[in-house]
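Structure below is entry16.cif: mmCIF, C-alpha atoms and all ligand atoms.
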data_protein
#
loop_
_atom_site.label_atom_id
_atom_site.label_comp_id
_atom_site.auth_asym_id
_atom_site.auth_seq_id
_atom_site.Cartn_x
_atom_site.Cartn_y
_atom_site.Cartn_z
CA MET A 1 109.39 16.32 217.82
CA GLY A 2 106.04 14.67 218.46
CA PHE A 3 102.51 15.50 219.41
CA PHE A 4 101.93 13.59 222.62
CA LYS A 5 103.96 12.46 225.54
CA PHE A 6 102.97 9.84 228.06
CA LYS A 7 105.25 7.65 230.11
CA SER A 8 107.19 5.50 227.69
CA SER A 9 108.10 1.85 227.89
CA SER A 10 111.58 0.59 228.76
CA GLU A 11 111.38 -1.60 225.65
CA PRO A 12 109.93 0.85 223.14
CA ILE A 13 107.75 -0.26 220.27
CA GLY A 14 107.63 1.51 216.92
CA LEU A 15 104.42 1.12 214.93
CA ASP A 16 104.27 1.95 211.22
CA ILE A 17 100.79 1.70 209.69
CA GLY A 18 101.45 1.61 205.96
CA THR A 19 99.18 1.43 202.94
CA ASN A 20 99.88 -2.28 202.32
CA THR A 21 101.49 -3.43 205.53
CA ILE A 22 101.54 -2.69 209.26
CA ARG A 23 105.00 -3.13 210.79
CA VAL A 24 105.93 -3.28 214.43
CA ALA A 25 109.40 -3.38 216.00
CA GLN A 26 110.42 -3.57 219.64
CA LEU A 27 113.86 -2.70 220.94
CA SER A 28 115.53 -3.73 224.14
CA ASN A 29 118.72 -2.30 225.52
CA HIS A 30 121.83 -4.37 226.09
CA GLN A 31 124.51 -2.12 227.64
CA GLY A 32 123.55 0.72 225.35
CA VAL A 33 123.25 -1.40 222.21
CA PRO A 34 119.74 -1.63 220.77
CA ILE A 35 118.55 -5.18 220.26
CA LEU A 36 115.64 -5.88 217.97
CA SER A 37 113.76 -8.12 220.37
CA ASN A 38 110.56 -8.39 218.38
CA TYR A 39 109.42 -7.63 214.87
CA GLY A 40 106.33 -8.49 212.88
CA THR A 41 104.17 -7.44 209.96
CA ILE A 42 100.63 -7.90 208.80
CA GLU A 43 99.18 -7.18 205.37
CA LEU A 44 96.14 -4.92 205.10
CA PRO A 45 93.31 -5.46 202.65
CA ARG A 46 93.33 -2.89 199.86
CA GLY A 47 91.36 0.25 200.76
CA ALA A 48 91.87 0.11 204.54
CA VAL A 49 94.74 2.61 204.33
CA VAL A 50 94.94 4.79 201.26
CA ASN A 51 97.96 6.97 200.60
CA GLY A 52 99.02 6.62 204.22
CA GLU A 53 95.65 7.56 205.68
CA ILE A 54 93.43 5.18 207.65
CA LEU A 55 90.08 4.98 205.85
CA GLU A 56 88.70 1.84 207.51
CA PRO A 57 89.46 2.20 211.22
CA GLU A 58 87.87 -1.08 212.28
CA VAL A 59 89.76 -3.13 209.69
CA VAL A 60 93.04 -1.55 210.76
CA GLY A 61 92.16 -1.95 214.46
CA ASN A 62 91.42 -5.65 214.01
CA SER A 63 94.65 -6.10 212.05
CA LEU A 64 96.54 -4.55 214.96
CA ILE A 65 94.90 -6.97 217.40
CA GLU A 66 95.88 -9.84 215.11
CA LEU A 67 99.43 -8.56 214.73
CA TRP A 68 99.88 -8.29 218.52
CA LYS A 69 98.75 -11.90 218.85
CA LYS A 70 100.94 -13.05 215.97
CA VAL A 71 104.13 -11.64 217.43
CA HIS A 72 103.18 -12.30 221.09
CA LEU A 73 103.51 -8.70 222.19
CA SER A 74 102.30 -7.90 225.69
CA GLU A 75 103.46 -4.27 225.79
CA LYS A 76 100.63 -1.95 224.76
CA ARG A 77 102.45 1.37 224.60
CA VAL A 78 103.73 2.37 221.17
CA VAL A 79 105.32 5.22 219.28
CA VAL A 80 103.19 5.54 216.17
CA GLY A 81 104.17 7.22 212.93
CA VAL A 82 101.98 9.32 210.67
CA THR A 83 102.69 10.12 207.06
CA ASN A 84 100.10 11.31 204.59
CA GLN A 85 99.03 14.52 202.96
CA LYS A 86 97.47 15.73 206.20
CA VAL A 87 100.87 16.18 207.83
CA VAL A 88 103.01 19.00 206.53
CA VAL A 89 106.52 20.04 207.43
CA ARG A 90 107.87 23.48 206.61
CA LEU A 91 111.11 25.25 207.38
CA ILE A 92 110.26 28.81 208.40
CA GLU A 93 112.23 31.87 209.51
CA LEU A 94 111.14 34.19 212.30
CA PRO A 95 112.81 37.01 214.19
CA PHE A 96 114.96 35.46 216.91
CA MET A 97 113.23 34.80 220.22
CA GLN A 98 113.43 32.39 223.10
CA LYS A 99 111.65 29.06 222.86
CA ASP A 100 108.84 29.93 225.27
CA GLU A 101 107.97 33.00 223.21
CA LEU A 102 108.26 31.05 219.97
CA ARG A 103 105.29 28.82 220.69
CA GLY A 104 102.92 31.80 220.80
CA ALA A 105 104.51 33.45 217.77
CA ILE A 106 104.23 30.27 215.74
CA GLN A 107 100.61 29.71 216.70
CA PHE A 108 99.94 33.27 215.57
CA GLN A 109 101.81 33.08 212.26
CA ALA A 110 101.60 29.42 211.23
CA GLN A 111 98.64 29.90 208.89
CA GLU A 112 100.88 31.74 206.42
CA PHE A 113 102.96 28.61 206.01
CA ILE A 114 100.55 25.69 206.13
CA PRO A 115 97.66 24.61 203.90
CA ILE A 116 95.61 23.26 206.83
CA PRO A 117 93.18 25.71 208.54
CA ILE A 118 94.90 26.60 211.79
CA GLU A 119 91.88 25.73 213.95
CA GLU A 120 91.94 22.20 212.51
CA ALA A 121 95.67 21.70 213.01
CA ILE A 122 97.94 20.40 215.73
CA LEU A 123 101.28 22.19 215.62
CA ASP A 124 104.72 21.27 216.77
CA PHE A 125 108.14 22.69 216.01
CA GLU A 126 111.84 22.35 216.46
CA VAL A 127 114.47 25.06 216.26
CA VAL A 128 117.08 24.03 213.71
CA GLY A 129 119.35 27.08 213.77
CA ASP A 130 119.72 30.83 213.83
CA PHE A 131 121.51 33.32 211.61
CA VAL A 132 121.88 37.03 210.86
CA ASN A 133 120.18 38.00 207.60
CA ASP A 134 121.20 40.62 204.99
CA ASP A 135 119.38 43.33 206.98
CA GLU A 136 121.46 42.39 210.03
CA GLU A 137 118.45 40.96 211.83
CA HIS A 138 118.91 37.96 214.08
CA MET A 139 116.61 35.23 212.76
CA VAL A 140 115.66 31.80 213.97
CA GLU A 141 115.00 28.83 211.69
CA VAL A 142 112.20 26.57 212.78
CA LEU A 143 111.01 23.27 211.40
CA LEU A 144 107.26 23.51 211.72
CA VAL A 145 105.03 20.44 211.70
CA ALA A 146 101.29 20.70 211.30
CA ALA A 147 98.97 17.73 211.37
CA GLN A 148 95.25 17.71 210.81
CA LYS A 149 93.55 17.10 214.16
CA ASP A 150 90.89 14.73 212.80
CA MET A 151 93.48 12.50 211.18
CA ILE A 152 95.50 12.30 214.42
CA GLU A 153 92.37 11.62 216.47
CA ASN A 154 91.34 8.93 214.02
CA THR A 155 94.74 7.24 214.42
CA LEU A 156 94.44 7.38 218.21
CA LYS A 157 90.94 5.88 218.08
CA VAL A 158 92.24 2.98 216.01
CA LEU A 159 94.95 2.34 218.61
CA GLU A 160 92.40 2.52 221.39
CA PHE A 161 90.16 0.04 219.55
CA ALA A 162 93.11 -2.36 219.52
CA GLY A 163 93.84 -1.77 223.22
CA LEU A 164 97.01 0.20 222.46
CA LYS A 165 98.20 3.55 223.73
CA SER A 166 100.59 5.90 222.00
CA THR A 167 103.37 7.42 224.09
CA ALA A 168 104.19 9.65 221.13
CA ILE A 169 103.04 10.35 217.61
CA ASP A 170 105.92 11.07 215.30
CA VAL A 171 106.28 12.12 211.70
CA SER A 172 107.28 8.91 209.90
CA SER A 173 109.80 10.62 207.67
CA PHE A 174 111.69 11.90 210.74
CA ALA A 175 111.71 8.37 212.08
CA MET A 176 113.17 7.09 208.82
CA VAL A 177 116.00 9.61 209.01
CA ARG A 178 116.58 8.79 212.69
CA ALA A 179 116.97 5.11 211.83
CA LEU A 180 119.32 5.78 208.92
CA LEU A 181 121.46 8.31 210.78
CA PHE A 182 121.74 5.80 213.58
CA GLY A 183 123.26 3.26 211.21
CA SER A 184 127.01 3.18 210.60
CA SER A 185 126.37 3.39 206.88
CA PHE A 186 125.69 7.04 207.42
CA ASP A 187 128.94 7.70 209.27
CA SER A 188 130.98 7.13 206.13
CA LEU A 189 128.26 8.80 204.13
CA ALA A 190 128.43 11.92 206.28
CA GLU A 191 132.19 11.92 206.02
CA GLU A 192 132.09 11.82 202.23
CA THR A 193 129.35 14.37 201.89
CA LYS A 194 130.22 16.83 204.64
CA ASP A 195 129.65 19.79 202.36
CA ASN A 196 126.69 18.25 200.65
CA VAL A 197 123.14 17.53 201.49
CA VAL A 198 121.65 14.06 201.36
CA ALA A 199 118.13 13.18 200.26
CA PHE A 200 116.51 10.28 202.07
CA MET A 201 113.57 8.59 200.44
CA GLN A 202 111.06 6.07 201.62
CA LEU A 203 109.16 4.55 198.71
CA GLY A 204 106.07 2.69 199.88
CA ALA A 205 102.90 1.56 198.15
CA GLY A 206 100.89 4.76 198.46
CA ILE A 207 103.38 7.25 199.85
CA THR A 208 106.87 8.48 199.08
CA ASN A 209 108.61 10.42 201.82
CA ILE A 210 111.26 12.79 200.56
CA VAL A 211 113.50 14.25 203.23
CA ILE A 212 116.51 16.48 202.72
CA VAL A 213 119.11 16.46 205.44
CA ASP A 214 121.99 18.89 205.71
CA GLY A 215 124.63 17.39 208.00
CA THR A 216 122.29 15.95 210.57
CA VAL A 217 119.59 18.59 210.32
CA THR A 218 116.35 17.85 208.50
CA ARG A 219 115.55 20.92 206.43
CA PHE A 220 112.90 19.63 204.08
CA SER A 221 110.26 16.92 204.24
CA ARG A 222 107.51 16.25 201.73
CA VAL A 223 104.98 13.53 201.24
CA SER A 224 104.16 12.53 197.70
CA THR A 225 101.44 10.13 196.63
CA VAL A 226 103.48 9.06 193.61
CA ALA A 227 104.72 5.70 194.91
CA GLY A 228 104.81 1.94 194.28
CA ASN A 229 101.09 1.70 193.51
CA ASN A 230 101.51 4.13 190.61
CA PHE A 231 103.87 1.70 188.88
CA THR A 232 101.38 -1.15 189.31
CA GLN A 233 98.46 1.03 188.26
CA GLY A 234 100.37 1.98 185.09
CA LEU A 235 100.39 -1.70 184.12
CA VAL A 236 96.71 -2.12 185.11
CA ASP A 237 95.64 0.81 182.95
CA THR A 238 97.76 0.04 179.91
CA LEU A 239 97.60 -3.74 179.81
CA GLY A 240 94.10 -4.09 181.25
CA LEU A 241 95.24 -6.51 183.94
CA PRO A 242 93.85 -7.12 187.43
CA PHE A 243 95.88 -5.34 190.10
CA ASP A 244 97.40 -8.49 191.59
CA GLU A 245 98.63 -9.73 188.22
CA ALA A 246 100.11 -6.32 187.46
CA GLU A 247 101.84 -6.36 190.85
CA GLU A 248 103.38 -9.76 190.08
CA LEU A 249 104.62 -8.56 186.70
CA LYS A 250 106.07 -5.39 188.20
CA ILE A 251 107.99 -7.30 190.84
CA ASN A 252 109.32 -9.97 188.48
CA VAL A 253 110.16 -7.82 185.47
CA GLY A 254 111.09 -4.42 186.86
CA LEU A 255 112.80 -1.68 184.89
CA ALA A 256 115.20 -2.41 182.04
CA PRO A 257 118.83 -2.23 183.12
CA GLN A 258 120.82 0.90 182.31
CA LYS A 259 123.44 0.47 179.58
CA GLY A 260 126.53 -1.26 180.88
CA LYS A 261 124.86 -2.28 184.17
CA LYS A 262 124.57 -5.93 185.14
CA ASP A 263 121.00 -7.19 185.32
CA ALA A 264 119.56 -9.80 187.66
CA GLY A 265 117.54 -11.22 184.77
CA ILE A 266 113.84 -12.00 184.39
CA PRO A 267 112.21 -15.34 185.22
CA LYS A 268 111.31 -17.27 182.04
CA LYS A 269 107.58 -17.08 182.72
CA TYR A 270 107.59 -13.29 182.33
CA LYS A 271 110.00 -12.88 179.43
CA GLU A 272 107.37 -12.64 176.73
CA LYS A 273 105.71 -9.61 178.30
CA ALA A 274 108.93 -8.08 179.59
CA LYS A 275 109.51 -5.47 176.90
CA ASP A 276 106.01 -3.96 177.19
CA VAL A 277 106.14 -4.04 180.96
CA GLN A 278 109.51 -2.34 181.08
CA GLU A 279 108.35 0.38 178.74
CA ILE A 280 105.30 1.15 180.89
CA LEU A 281 107.32 1.03 184.10
CA GLU A 282 109.87 3.39 182.60
CA GLY A 283 107.06 5.85 181.89
CA GLU A 284 106.03 5.65 185.55
CA ALA A 285 109.62 5.92 186.73
CA THR A 286 110.04 9.06 184.65
CA LYS A 287 107.00 10.62 186.34
CA PHE A 288 108.35 9.52 189.72
CA VAL A 289 111.73 11.15 189.08
CA SER A 290 110.03 14.40 187.95
CA GLU A 291 108.11 14.44 191.21
CA ILE A 292 111.36 14.12 193.17
CA ARG A 293 113.07 16.68 190.99
CA ARG A 294 110.28 19.14 191.82
CA SER A 295 111.00 18.71 195.53
CA PHE A 296 114.74 19.06 194.97
CA ASP A 297 114.25 22.21 192.89
CA TYR A 298 112.04 23.73 195.55
CA TYR A 299 114.63 23.03 198.22
CA LEU A 300 117.51 24.26 196.07
CA SER A 301 115.69 27.50 195.25
CA GLN A 302 115.97 28.39 198.95
CA ALA A 303 119.33 26.88 199.84
CA PRO A 304 122.87 27.93 199.10
CA VAL A 305 123.77 24.43 197.84
CA LYS A 306 124.03 23.74 194.11
CA ASP A 307 122.77 20.23 193.90
CA ILE A 308 121.83 17.12 195.78
CA LYS A 309 124.36 14.52 194.82
CA ARG A 310 123.42 11.72 197.14
CA VAL A 311 120.17 9.87 197.55
CA VAL A 312 119.53 7.11 200.08
CA LEU A 313 116.57 4.85 199.35
CA THR A 314 114.38 2.78 201.65
CA GLY A 315 110.89 1.26 201.48
CA SER A 316 109.77 -1.90 199.67
CA GLY A 317 108.87 0.13 196.60
CA ALA A 318 112.56 0.92 196.18
CA ILE A 319 113.27 -2.78 195.50
CA LEU A 320 111.88 -2.35 191.98
CA LYS A 321 114.58 -3.85 189.76
CA ASN A 322 117.03 -1.28 188.36
CA LEU A 323 115.23 1.67 189.98
CA ASP A 324 118.45 2.75 191.69
CA SER A 325 120.42 3.04 188.45
CA PHE A 326 117.46 4.68 186.69
CA MET A 327 117.24 7.30 189.44
CA SER A 328 120.98 7.72 189.52
CA LYS A 329 121.08 8.50 185.81
CA ASN A 330 118.04 10.75 185.77
CA LEU A 331 118.72 12.65 188.98
CA LYS A 332 122.46 12.78 188.30
CA ALA A 333 123.05 11.60 191.83
CA ASP A 334 124.71 8.77 193.63
CA VAL A 335 121.84 6.51 194.68
CA SER A 336 122.28 3.83 197.33
CA TYR A 337 120.14 1.80 199.72
CA GLY A 338 119.79 2.58 203.42
CA HIS A 339 120.76 0.07 206.10
CA PRO A 340 118.69 0.82 209.19
CA LEU A 341 119.85 -2.40 210.89
CA ASP A 342 123.56 -1.57 210.76
CA LYS A 343 123.80 -0.68 214.43
CA ILE A 344 120.95 -2.75 215.74
CA LYS A 345 121.56 -6.31 216.87
CA ILE A 346 118.98 -8.90 215.95
CA GLY A 347 117.58 -10.65 219.02
CA SER A 348 118.15 -14.37 219.47
CA GLY A 349 114.44 -15.14 219.16
CA LEU A 350 114.29 -13.83 215.59
CA SER A 351 115.51 -15.30 212.33
CA GLU A 352 118.34 -13.10 211.12
CA GLU A 353 117.73 -14.17 207.54
CA GLU A 354 114.04 -13.25 207.63
CA ILE A 355 114.70 -9.91 209.31
CA LYS A 356 117.45 -8.93 206.87
CA LYS A 357 115.09 -9.60 203.97
CA ASP A 358 112.81 -6.91 205.36
CA GLU A 359 115.51 -4.40 206.23
CA LEU A 360 114.61 -1.92 203.53
CA SER A 361 111.05 -1.59 204.75
CA MET A 362 111.88 -1.40 208.46
CA ALA A 363 113.42 2.07 208.66
CA ILE A 364 110.27 3.82 209.90
CA CYS A 365 109.25 1.38 212.65
CA LEU A 366 112.87 1.13 213.85
CA GLY A 367 113.22 4.91 213.89
CA LEU A 368 109.98 5.25 215.85
CA ALA A 369 111.22 2.81 218.50
CA LEU A 370 114.65 4.50 218.55
CA ARG A 371 112.93 7.74 219.50
CA GLU A 372 112.41 6.30 222.98
CA PHE A 373 115.54 4.21 223.14
CA LYS A 374 117.64 5.28 226.09
N1 LIG B 1 110.43 -6.88 194.81
C1 LIG B 1 109.74 -5.79 194.58
N2 LIG B 1 109.90 -5.09 193.42
C2 LIG B 1 109.20 -3.99 193.18
N3 LIG B 1 108.31 -3.45 194.00
C3 LIG B 1 108.10 -4.08 195.15
C4 LIG B 1 108.80 -5.26 195.52
N4 LIG B 1 108.37 -5.65 196.74
C5 LIG B 1 107.45 -4.75 197.12
N5 LIG B 1 107.28 -3.81 196.18
C6 LIG B 1 106.36 -2.67 196.20
O1 LIG B 1 106.54 -1.95 197.38
C7 LIG B 1 105.32 -1.27 197.72
C8 LIG B 1 105.03 -1.53 199.18
O2 LIG B 1 106.01 -0.88 199.93
P1 LIG B 1 105.89 -0.76 201.51
O3 LIG B 1 105.63 -2.11 202.06
O4 LIG B 1 107.09 -0.03 201.98
O5 LIG B 1 104.58 0.14 201.61
P2 LIG B 1 103.66 0.48 202.84
O6 LIG B 1 104.52 0.84 203.99
O7 LIG B 1 102.65 -0.58 203.06
O8 LIG B 1 102.87 1.75 202.28
P3 LIG B 1 103.14 3.34 202.46
O9 LIG B 1 104.43 3.53 203.17
O10 LIG B 1 103.15 3.85 201.07
O11 LIG B 1 101.95 3.82 203.22
C9 LIG B 1 104.25 -1.85 196.80
O12 LIG B 1 103.98 -0.91 195.78
C10 LIG B 1 104.91 -3.08 196.21
O13 LIG B 1 104.48 -3.35 194.90
MG MG B 2 105.47 2.57 204.54
#

Translate this file's structure into structure tokens.
Amino acid sequence: MGFFKFKSSSEPIGLDIGTNTIRVAQLSNHQGVPILSNYGTIELPRGAVVNGEILEPEVVGNSLIELWKKVHLSEKRVVVGVTNQKVVVRLIELPFMQKDELRGAIQFQAQEFIPIPIEEAILDFEVVGDFVNDDEEHMVEVLLVAAQKDMIENTLKVLEFAGLKSTAIDVSSFAMVRALLFGSSFDSLAEETKDNVVAFMQLGAGITNIVIVDGTVTRFSRVSTVAGNNFTQGLVDTLGLPFDEAEELKINVGLAPQKGKKDAGIPKKYKEKAKDVQEILEGEATKFVSEIRRSFDYYLSQAPVKDIKRVVLTGSGAILKNLDSFMSKNLKADVSYGHPLDKIKIGSGLSEEEIKKDELSMAICLGLALREFK
């Protein structure tokens, strides 16, 4: 699925413009094995991208120019991801019809399903299955994507400013799932959970992507703005600290360990404040889990499954100490971390150690590049 299609590059580049960080990954092909031939990141000043949406196009454009220089990229064609509240994904059911008829039918009916006025939306869809309903009607299930035109055009303008061209625009959450399904970690996961659904989550600074996959089919995808920044903001508001100090405390203290779980410990410097910090972070984590639970409940209200027992986490926000065990306890699910690099070789020009450190935040840009990997 994607909104545009130009001729793609033989060494595709995935571009993930996040709230804190822009990430770029390039893949080359060695006898069918993807090699990460280039990877780089650049931090954005606060306010340039808010909750996944580009608010300061020139700042982001200049950062892209800088990033291209930093990582010595000559290729200008990219697959870019979008994820913010102006992209919505809905699973809809329609009477069965062939694909060429579907496009018209969807255009005609989409407004019922999406919160964006249809004349301001770009639509795309993918058929995920068909079935016969209780009234013996043959139905088709369609994953509908609607993105606000202005937001997409804004993203394209930023790329143009930086001298880049998108061969495709993809929904970032789909890219995340693509990267994680590509990894071998999912093979065993799929084996274990054949009759279950798996929730994939990307926890960033301003955005959390929640995607529910049944087998290999994405059936649910939501964007929430409850993410890493909320945890930091909780400390800012309660302790009256500047944002950067709160960020440092969050990263170094983290959540309190669950009973009986080993803890990595807290650096001495932060011990005095630890108890207060943990209490505030736990409050934020509780709100975060409720937000996820709401998505799960919505999905479960429409699906024949009883519960979602497995959660796979990615995104730098997911590194928050003890978040996995907190989520595991409160969602009553098995929570683990995704490994998007499992089946991707790291190119000889890159430091394996440095790349591995970033693995958790790379899923989206890798998945975007994998979209055009042949
Ligand atoms: N060690 C850590 N412990 C806790 N949180 C961390 C850690 N490292 C980074 N984070 C948090 O991760 C978040 C940034 O995640 P990420 O880099 O994935 O976001 P992004 O891609 O820039 O933004 P988004 O995807 O939301 O648009 C920030 O909230 C930051 O505080
Ligand atoms: Mg991100």

Could you make a table, as JSON lines, of the residues of chain A that have an atom within 9 Å of an atom of ligand LIG 1 (chain B), each with its nearest atom pair and distance in Å to one decimal, counting only C-alpha atoms and all ligand atoms, in chain and number order?
{"residue": "A:Asp16", "atom": "CA", "partner": "B:LIG1", "partner_atom": "O6", "distance": 7.3}
{"residue": "A:Ile17", "atom": "CA", "partner": "B:LIG1", "partner_atom": "O6", "distance": 6.9}
{"residue": "A:Gly18", "atom": "CA", "partner": "B:LIG1", "partner_atom": "O11", "distance": 3.6}
{"residue": "A:Thr19", "atom": "CA", "partner": "B:LIG1", "partner_atom": "O11", "distance": 3.7}
{"residue": "A:Asn20", "atom": "CA", "partner": "B:LIG1", "partner_atom": "O7", "distance": 3.3}
{"residue": "A:Thr21", "atom": "CA", "partner": "B:LIG1", "partner_atom": "O7", "distance": 3.9}
{"residue": "A:Ile22", "atom": "CA", "partner": "B:LIG1", "partner_atom": "O7", "distance": 6.6}
{"residue": "A:Arg23", "atom": "CA", "partner": "B:LIG1", "partner_atom": "O6", "distance": 7.9}
{"residue": "A:Glu43", "atom": "CA", "partner": "B:LIG1", "partner_atom": "O7", "distance": 7.8}
{"residue": "A:Leu44", "atom": "CA", "partner": "B:LIG1", "partner_atom": "O7", "distance": 8.1}
{"residue": "A:Val49", "atom": "CA", "partner": "B:LIG1", "partner_atom": "O11", "distance": 7.4}
{"residue": "A:Val50", "atom": "CA", "partner": "B:LIG1", "partner_atom": "O11", "distance": 7.3}
{"residue": "A:Asn51", "atom": "CA", "partner": "B:LIG1", "partner_atom": "O11", "distance": 5.7}
{"residue": "A:Gly52", "atom": "CA", "partner": "B:LIG1", "partner_atom": "O11", "distance": 4.2}
{"residue": "A:Glu53", "atom": "CA", "partner": "B:LIG1", "partner_atom": "O11", "distance": 7.7}
{"residue": "A:Thr83", "atom": "CA", "partner": "B:LIG1", "partner_atom": "O11", "distance": 7.4}
{"residue": "A:Asn84", "atom": "CA", "partner": "B:LIG1", "partner_atom": "O11", "distance": 7.8}
{"residue": "A:Gln202", "atom": "CA", "partner": "B:LIG1", "partner_atom": "O9", "distance": 7.3}
{"residue": "A:Leu203", "atom": "CA", "partner": "B:LIG1", "partner_atom": "O4", "distance": 6.0}
{"residue": "A:Gly204", "atom": "CA", "partner": "B:LIG1", "partner_atom": "O10", "distance": 3.4}
{"residue": "A:Ala205", "atom": "CA", "partner": "B:LIG1", "partner_atom": "O12", "distance": 3.6}
{"residue": "A:Gly206", "atom": "CA", "partner": "B:LIG1", "partner_atom": "O10", "distance": 3.6}
{"residue": "A:Ile207", "atom": "CA", "partner": "B:LIG1", "partner_atom": "O10", "distance": 3.6}
{"residue": "A:Thr208", "atom": "CA", "partner": "B:LIG1", "partner_atom": "O10", "distance": 6.3}
{"residue": "A:Asn209", "atom": "CA", "partner": "B:LIG1", "partner_atom": "O9", "distance": 8.2}
{"residue": "A:Thr225", "atom": "CA", "partner": "B:LIG1", "partner_atom": "O10", "distance": 7.9}
{"residue": "A:Ala227", "atom": "CA", "partner": "B:LIG1", "partner_atom": "O10", "distance": 6.6}
{"residue": "A:Gly228", "atom": "CA", "partner": "B:LIG1", "partner_atom": "O12", "distance": 3.3}
{"residue": "A:Asn229", "atom": "CA", "partner": "B:LIG1", "partner_atom": "O12", "distance": 4.5}
{"residue": "A:Asn230", "atom": "CA", "partner": "B:LIG1", "partner_atom": "O12", "distance": 7.6}
{"residue": "A:Phe231", "atom": "CA", "partner": "B:LIG1", "partner_atom": "O12", "distance": 7.4}
{"residue": "A:Thr232", "atom": "CA", "partner": "B:LIG1", "partner_atom": "O13", "distance": 6.8}
{"residue": "A:Glu247", "atom": "CA", "partner": "B:LIG1", "partner_atom": "O13", "distance": 5.7}
{"residue": "A:Glu248", "atom": "CA", "partner": "B:LIG1", "partner_atom": "O13", "distance": 8.1}
{"residue": "A:Lys250", "atom": "CA", "partner": "B:LIG1", "partner_atom": "C2", "distance": 6.0}
{"residue": "A:Ile251", "atom": "CA", "partner": "B:LIG1", "partner_atom": "N2", "distance": 3.9}
{"residue": "A:Asn252", "atom": "CA", "partner": "B:LIG1", "partner_atom": "N2", "distance": 7.0}
{"residue": "A:Val253", "atom": "CA", "partner": "B:LIG1", "partner_atom": "N2", "distance": 8.4}
{"residue": "A:Gly254", "atom": "CA", "partner": "B:LIG1", "partner_atom": "C2", "distance": 6.6}
{"residue": "A:Thr314", "atom": "CA", "partner": "B:LIG1", "partner_atom": "O4", "distance": 7.8}
{"residue": "A:Gly315", "atom": "CA", "partner": "B:LIG1", "partner_atom": "O4", "distance": 4.0}
{"residue": "A:Ser316", "atom": "CA", "partner": "B:LIG1", "partner_atom": "O2", "distance": 3.9}
{"residue": "A:Gly317", "atom": "CA", "partner": "B:LIG1", "partner_atom": "O1", "distance": 3.2}
{"residue": "A:Ala318", "atom": "CA", "partner": "B:LIG1", "partner_atom": "N3", "distance": 6.5}
{"residue": "A:Ile319", "atom": "CA", "partner": "B:LIG1", "partner_atom": "N2", "distance": 4.6}
{"residue": "A:Leu320", "atom": "CA", "partner": "B:LIG1", "partner_atom": "C2", "distance": 3.4}
{"residue": "A:Lys321", "atom": "CA", "partner": "B:LIG1", "partner_atom": "N2", "distance": 6.1}
{"residue": "A:Leu323", "atom": "CA", "partner": "B:LIG1", "partner_atom": "C2", "distance": 8.9}
{"residue": "A:Leu360", "atom": "CA", "partner": "B:LIG1", "partner_atom": "O4", "distance": 7.9}
{"residue": "A:Ser361", "atom": "CA", "partner": "B:LIG1", "partner_atom": "O4", "distance": 5.1}
{"residue": "A:Met362", "atom": "CA", "partner": "B:LIG1", "partner_atom": "O4", "distance": 8.2}
{"residue": "A:Ile364", "atom": "CA", "partner": "B:LIG1", "partner_atom": "O6", "distance": 8.8}

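Proximity ranking of A:Val311, A:Glu279, A:Arg219, A:Met151 relative to Thr238 in chain A places A:Glu279 first, based on all atoms listed in the file.
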
For range 169-179 of chain A, take all atoms listed in the file, fit an axis-aligned box around them, add 4 Å to each of the six sides, then output centre and edge lengths in Å rounded to one decimal, as JSON.
{"center_x": 110.0, "center_y": 8.6, "center_z": 212.6, "size_x": 21.9, "size_y": 15.0, "size_z": 17.9}

Shortest interatomic distance to Glu119 in chain A - which of A:Leu36, A:Ala147, A:Leu341, A:Val89, counting only C-alpha atoms: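 Closest to Glu119 in chain A, using only C-alpha atoms: A:Ala147.
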
Long-range neighbours of Gln302 in chain A as a list of chain:residue names, 12 Å cut-off, only C-alpha atoms, 5 positions minimum in chain: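 Listing them by chain and then by number gives A:Leu91, A:Ile92, A:Glu93, A:Arg219, A:Phe220, A:Ser295, A:Phe296, A:Asp297, A:Asp307.
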
Judged by all atoms listed in the file, the minimum distance to Val128 in chain A among A:Gly338, A:Gly367, A:Pro34, A:Gly215 is found for A:Gly215

When distances are computed from all atoms listed in the file, which of A:Ile65, A:Ser224, A:Glu141, A:Phe125 shows the smallest separation from Leu94 in chain A?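 Residue with the minimum atom-to-atom distance to Leu94 in chain A: A:Glu141.
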
Between CA of Ala146 in chain A and CA of Leu123 in chain A, what is the distance, to one decimal in Å?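 Interatomic distance here is 4.6 Å.
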
Show me, as a ChimeraX atom specification, the residues that have an atom within 10 Å of Asp130 in chain A when counting all atoms listed in the file, minus same-chain residues fewer than 2 positions from it. /A:93-97,127-128,132-133,138-142

Using CA of His72 in chain A and CA of Ala369 in chain A as the two end points, give the distance in Å to one decimal. 17.3 Å

Counting only C-alpha atoms and all ligand atoms, the option among A:Ile346, A:Val171, A:Val71, A:Leu143 closest to ligand MG 2 (chain B):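 The shortest atom-to-atom distance to ligand MG 2 (chain B) comes from A:Val171.
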
Nearest to Lys262 in chain A: which of A:Asn322, A:Lys149, A:Val305, A:Ile35 is it, counting only C-alpha atoms?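 Using only C-alpha atoms, Lys262 in chain A sits closest to A:Asn322.
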
Env of Ser166 in chain A: 6 Å cut, atoms = only C-alpha atoms, seq-sep filter 5 positions within chain, self excluded. Answer as a list in words. Arg77, Val78 and Val79 of chain A

Got time to write the residues from that selection, C-alpha atoms, as a PDB file, keeping the file's coordinate frame?
ATOM      1  CA  ARG A  77     102.450   1.370 224.600  1.00  0.00           C
ATOM      2  CA  VAL A  78     103.730   2.370 221.170  1.00  0.00           C
ATOM      3  CA  VAL A  79     105.320   5.220 219.280  1.00  0.00           C
TER       4      VAL A  79
END
